[in-house]
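Novice: Dropping a structure here in C-alpha cells format, bear with me for questions.
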Amino acid sequence: MLSGRYKVERLLGAGGMGVVYQGRDLLHELMGEPDPCIAIKVLNDDLATAKDADALLYSEFALTRHLHHPHVVRPFAFGVDAYRHQAFMTLEFMRGVRLDRLLKAHTAGLPWEQARGMAIALLDAVAHAHEKGVLHGDVKPENVMLTEQGLRLFDFGLGQPVDRVLIGLPQMNRHSLQPWTPRYVAPEVRDGGPLTMQADVYAVARVLYEMVAGRKALADAGDLQSCPVRGASSLRKPEGLPSACWSELRVALMTDIRDRKISARQMLNAYKRASKRRFWRWGQAMVSD
Ligand SMILES: Nc1ncnc2c1ncn2[C@@H]1O[C@H](COP(=O)(O)OP(=O)(O)OP(=O)(O)O)[C@@H](O)[C@H]1O
Ligand SMILES: [Mg+2]
C-alpha cells in the first residue's frame with residue numbers, strides 16, 4: 001500500500017529506471033469508480049537511493065502531465081509515501097500489447113494498412129509533445145503500447161523540456177542514468193550530444209522503418225547487437241511503403257543531424273497524405289469496376 005490509498009497488486013514490468021506495478025486506487029473504488037485499476041511507477045532500487053531520486057521521478061511526471069493527447073499515456077498523481085520514503089506516480093492502466101512484442105511476432109514487417117495507422121498515431125503523439133516543448137528521449141517499440149483505445153506513447157523517464165518550457169523543473173543529466181537504446185538512438189546523442197527534437201525524429205523513424213520493413217531488414221542494414229548506426233543510404237525502401245512516405249522517412253533517418261531537416265509534424269502530414277491518396281485510388285477502382 002502506498003500513502004494509504006494506492007494498493008500495489010502485481011508487477012507489470014521493470015526497465016532500466018523504473019518498476020511498474022498494477023494497482024488500485026482505493027479511494028476511487030470507495031467512491032464507486034467502476035475501473036479503479038491504475039499503474040504505479042517507482043524508481044528501481046539502484047536509483048531510488050540516489051540523490052535527487054524523487055526529483056527524477058517528478059520530472060517524468062511533470063513532463064507527461066504537460067501533455068494532453070489521446071496517444072500519450074495519462075498520468076494521474078505523484079506522491080511520496082511517508083512511511084517507506086518512496087516517491088511514486090500513478091498512471092492510467094494500459095491494457096494491451098507492447099509494440100516490440102507485436103514486431104517480434106512479425107519479423108517481416110506489418111502490412112502497410114496496419115503500420116500506417118500506428119505510424120500516424122505515434123507521429124501525432126511525438127508532434128504534440130514537441131509542440132508543447134517536451135522531448136521524449138527514448139522512443140522505441142518497448143515504450144509504445146497498443147491498447148483497445150488506440151496507441152499510447154509512454155515512459156518519459158529520459159525526457160526533457162526544451163528551453164523556456166517548464167522552467168523551475170530540475171534539469172537532470174540523464175546520460176549517466178541509462179545507456180541509450182542503441183537501435184533507436186540518434187548517432188549524435190550516442191556520441192554524447194544533447195537531446196533534440198531531431199534526435200526524437202530519428203528514433204521515431206527507426207521505429208516506423210522497422211514497422212514496415214521488419215526486424216530482419218534492420219538487421220541486414222546493420223548488426224542489431226553491435227549496432228553501428230547506419231545512415232539512410234544503407235536502407236532500402238520497404239516494400240509496401242508509399243514512395244512519398246519513403247522520401248520523408250529517408251530524411252528523418254539521416255545520420256548527420258544537419259541533414260535531418262524534417263519535423264514529426266511534417267512526417268505525420270506525409271503519412272496522412274499518402275494514405276488518403278491510396279484510399280482515393282481504391283475508391284476510384286471500386287467505382288470504375
Ligand atoms: N501505464 C501502464 N500500464 C500498463 N503497463 C505499463 C504502464 N507503464 C509501464 N508499463 C509496463 O512496465 C514496463 C516498464 O515501464 P517503463 O517503460 O515506464 O519503465 P522504465 O524503467 O522507464 O523502462 P525503460 O527505461 O527500460 O524504457 C513497460 O514496458 C510496460 O510493459
Ligand atoms: Mg520503458
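Residues in the C-alpha cells are numbered from 1 in each chain, the chains being A, B, ... in the order shown, and ligands are numbered from 1 in the order shown.
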Throw together the list of residues within 9 Å of ligand 2, counting only C-alpha atoms and all ligand atoms, and drop it here as a count of residues only.

Specialist: 16

Novice: Dump as CSV the rows for residues of chain A within 10 Å of ligand 1: closest atom pair and distance in Å with one decimal, only C-alpha atoms and all ligand atoms counted, ordered by chain and rising residue number.

Specialist:
```
residue,atom,partner,partner_atom_place_in_ligand_line,distance
A:Leu11,CA,ligand 1,12 (O),8.1
A:Leu12,CA,ligand 1,12 (O),5.0
A:Gly13,CA,ligand 1,12 (O),3.7
A:Ala14,CA,ligand 1,14 (C),4.6
A:Gly15,CA,ligand 1,21 (O),3.1
A:Gly16,CA,ligand 1,25 (O),3.9
A:Met17,CA,ligand 1,21 (O),3.8
A:Gly18,CA,ligand 1,21 (O),3.4
A:Val19,CA,ligand 1,21 (O),5.7
A:Val20,CA,ligand 1,12 (O),4.8
A:Tyr21,CA,ligand 1,12 (O),7.3
A:Gln22,CA,ligand 1,4 (C),7.0
A:Gly23,CA,ligand 1,3 (N),9.9
A:Cys37,CA,ligand 1,3 (N),9.5
A:Ile38,CA,ligand 1,1 (N),7.1
A:Ala39,CA,ligand 1,1 (N),4.8
A:Ile40,CA,ligand 1,1 (N),7.4
A:Lys41,CA,ligand 1,18 (O),7.0
A:Val42,CA,ligand 1,21 (O),8.7
A:Leu43,CA,ligand 1,21 (O),7.4
A:Asn44,CA,ligand 1,21 (O),7.5
A:Leu57,CA,ligand 1,22 (O),9.8
A:Glu60,CA,ligand 1,22 (O),9.4
A:Val73,CA,ligand 1,1 (N),6.6
A:Arg74,CA,ligand 1,1 (N),7.8
A:Pro75,CA,ligand 1,1 (N),8.0
A:Met89,CA,ligand 1,1 (N),9.9
A:Thr90,CA,ligand 1,1 (N),7.9
A:Leu91,CA,ligand 1,1 (N),5.2
A:Glu92,CA,ligand 1,1 (N),5.1
A:Phe93,CA,ligand 1,3 (N),3.9
A:Met94,CA,ligand 1,3 (N),3.8
A:Arg95,CA,ligand 1,4 (C),6.1
A:Gly96,CA,ligand 1,4 (C),7.8
A:Val97,CA,ligand 1,31 (O),8.3
A:Arg98,CA,ligand 1,31 (O),6.6
A:Leu99,CA,ligand 1,29 (O),9.7
A:Asp100,CA,ligand 1,29 (O),9.3
A:Asp138,CA,ligand 1,27 (O),7.0
A:Val139,CA,ligand 1,27 (O),8.7
A:Lys140,CA,ligand 1,27 (O),8.1
A:Pro141,CA,ligand 1,29 (O),9.1
A:Glu142,CA,ligand 1,29 (O),5.5
A:Asn143,CA,ligand 1,17 (O),5.5
A:Val144,CA,ligand 1,29 (O),8.1
A:Met145,CA,ligand 1,30 (C),7.7
A:Thr147,CA,ligand 1,4 (C),9.7
A:Arg152,CA,ligand 1,1 (N),9.2
A:Leu153,CA,ligand 1,8 (N),9.7
A:Phe154,CA,ligand 1,18 (O),6.4
A:Asp155,CA,ligand 1,18 (O),4.1
A:Phe156,CA,ligand 1,22 (O),7.3
A:Gly157,CA,ligand 1,22 (O),5.3
A:Leu158,CA,ligand 1,22 (O),7.7
A:Leu177,CA,ligand 1,25 (O),9.4
A:Gln178,CA,ligand 1,25 (O),7.4
A:Pro179,CA,ligand 1,25 (O),9.3
A:Trp180,CA,ligand 1,25 (O),9.1
A:Thr181,CA,ligand 1,27 (O),8.5
```

Novice: Find the residue from A:Ala125, A:Asp54, A:Tyr6, A:Leu268 that sits nearest to Glu29 (chain A); use only C-alpha atoms when measuring.

Specialist: A:Tyr6

Novice: If you run DSSP on this backbone, which residues of region 34-192 of chain A come out as helix (DSSP H, G or I), and could you give them as a VMD selection string?

Specialist: chain A and resid 45 to 48 53 to 65 99 to 105 112 to 131 141 to 143 174 to 176 187 to 190

Novice: Output C-alpha atoms of each residue in that selection to a file, as a PDB file, in the first residue's frame.

Specialist:
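Printed below is again.pdb as written:
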```
ATOM      1  CA  ASP A  45      16.316   0.057  -6.161  1.00  0.00           C
ATOM      2  CA  ASP A  46      19.537   1.351  -7.717  1.00  0.00           C
ATOM      3  CA  LEU A  47      18.030   4.725  -8.464  1.00  0.00           C
ATOM      4  CA  ALA A  48      15.633   5.040  -5.532  1.00  0.00           C
ATOM      5  CA  ALA A  53      15.653  10.371  -6.971  1.00  0.00           C
ATOM      6  CA  ASP A  54      12.306  11.944  -6.119  1.00  0.00           C
ATOM      7  CA  ALA A  55      13.003  14.889  -8.400  1.00  0.00           C
ATOM      8  CA  LEU A  56      13.863  12.484 -11.194  1.00  0.00           C
ATOM      9  CA  LEU A  57      10.523  10.728 -10.993  1.00  0.00           C
ATOM     10  CA  TYR A  58       8.719  14.017 -10.504  1.00  0.00           C
ATOM     11  CA  SER A  59      10.322  15.351 -13.657  1.00  0.00           C
ATOM     12  CA  GLU A  60       8.943  12.390 -15.630  1.00  0.00           C
ATOM     13  CA  PHE A  61       5.524  13.011 -14.103  1.00  0.00           C
ATOM     14  CA  ALA A  62       5.614  16.747 -14.868  1.00  0.00           C
ATOM     15  CA  LEU A  63       6.666  16.206 -18.491  1.00  0.00           C
ATOM     16  CA  THR A  64       3.900  13.662 -19.053  1.00  0.00           C
ATOM     17  CA  ARG A  65       1.324  15.828 -17.299  1.00  0.00           C
ATOM     18  CA  LEU A  99       4.731  -2.717 -29.955  1.00  0.00           C
ATOM     19  CA  ASP A 100       8.032  -4.619 -29.534  1.00  0.00           C
ATOM     20  CA  ARG A 101       6.078  -7.815 -28.880  1.00  0.00           C
ATOM     21  CA  LEU A 102       3.965  -7.295 -31.992  1.00  0.00           C
ATOM     22  CA  LEU A 103       7.053  -6.616 -34.104  1.00  0.00           C
ATOM     23  CA  LYS A 104       8.819  -9.691 -32.753  1.00  0.00           C
ATOM     24  CA  ALA A 105       5.872 -11.764 -33.941  1.00  0.00           C
ATOM     25  CA  TRP A 112       1.087  -1.186 -44.709  1.00  0.00           C
ATOM     26  CA  GLU A 113      -2.535  -0.652 -43.692  1.00  0.00           C
ATOM     27  CA  GLN A 114      -1.802  -1.685 -40.105  1.00  0.00           C
ATOM     28  CA  ALA A 115       1.556   0.087 -39.950  1.00  0.00           C
ATOM     29  CA  ARG A 116       0.060   3.279 -41.355  1.00  0.00           C
ATOM     30  CA  GLY A 117      -2.494   3.649 -38.550  1.00  0.00           C
ATOM     31  CA  MET A 118       0.157   3.096 -35.898  1.00  0.00           C
ATOM     32  CA  ALA A 119       2.631   5.421 -37.587  1.00  0.00           C
ATOM     33  CA  ILE A 120       0.077   8.231 -37.748  1.00  0.00           C
ATOM     34  CA  ALA A 121      -0.808   7.809 -34.056  1.00  0.00           C
ATOM     35  CA  LEU A 122       2.850   7.698 -32.974  1.00  0.00           C
ATOM     36  CA  LEU A 123       3.851  10.700 -35.094  1.00  0.00           C
ATOM     37  CA  ASP A 124       0.831  12.592 -33.794  1.00  0.00           C
ATOM     38  CA  ALA A 125       1.911  11.928 -30.188  1.00  0.00           C
ATOM     39  CA  VAL A 126       5.530  12.981 -30.830  1.00  0.00           C
ATOM     40  CA  ALA A 127       4.498  16.069 -32.832  1.00  0.00           C
ATOM     41  CA  HIS A 128       2.223  17.112 -29.954  1.00  0.00           C
ATOM     42  CA  ALA A 129       4.996  16.599 -27.386  1.00  0.00           C
ATOM     43  CA  HIS A 130       7.423  18.675 -29.469  1.00  0.00           C
ATOM     44  CA  GLU A 131       4.899  21.443 -29.962  1.00  0.00           C
ATOM     45  CA  PRO A 141       8.775  -0.077 -29.552  1.00  0.00           C
ATOM     46  CA  GLU A 142       9.155  -1.030 -25.853  1.00  0.00           C
ATOM     47  CA  ASN A 143       7.692   2.362 -24.933  1.00  0.00           C
ATOM     48  CA  ARG A 174      20.191  11.529 -17.782  1.00  0.00           C
ATOM     49  CA  HIS A 175      23.258  10.408 -19.664  1.00  0.00           C
ATOM     50  CA  SER A 176      24.673   8.907 -16.510  1.00  0.00           C
ATOM     51  CA  PRO A 187      24.110   8.987 -33.655  1.00  0.00           C
ATOM     52  CA  GLU A 188      24.860  12.421 -32.188  1.00  0.00           C
ATOM     53  CA  VAL A 189      23.154  11.513 -28.870  1.00  0.00           C
ATOM     54  CA  ARG A 190      25.019   8.232 -28.729  1.00  0.00           C
TER      55      ARG A 190
END
```

Novice: Which is closest to Val80 (chain A) among A:Pro242, A:Pro170, A:Gly4, A:Gly193, if we use only C-alpha atoms?

Specialist: A:Gly4

Novice: Among region 103-252 of chain A, which ones does DSSP assign to strand (DSSP E or B) (computed from the backbone)? Answer as number ranges by chain.

Specialist: A: 134-135, 144-147, 150-153, 160-161

Novice: Here is a test: counting only C-alpha atoms, which residue of A:Leu30, A:Leu67, A:Ala274, A:Ala199 is nearest to Arg260 (chain A)?

Specialist: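 For Arg260 (chain A), the nearest of the candidates is A:Ala199.
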
Novice: Tell me, in Å to one decimal, how far CA of Pro194 (chain A) is from CA of Asp259 (chain A).

Specialist: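 Atom-to-atom, CA of Pro194 (chain A) and CA of Asp259 (chain A) are spaced 16.6 Å apart.
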
Novice: Quick one: residues within 9 Å of Thr196 (chain A), only C-alpha atoms, excluding same-chain residues fewer than 6 positions away - as a ChimeraX atom specification?

Specialist: /A:135,137,162,189

Novice: Of the candidates A:His71, A:Val204, A:Lys216, A:Arg84, which one gets nearest to Arg250 (chain A) if we count only C-alpha atoms?

Specialist: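 Ranking A:His71, A:Val204, A:Lys216, A:Arg84 by distance to Arg250 (chain A), first place goes to A:Val204.
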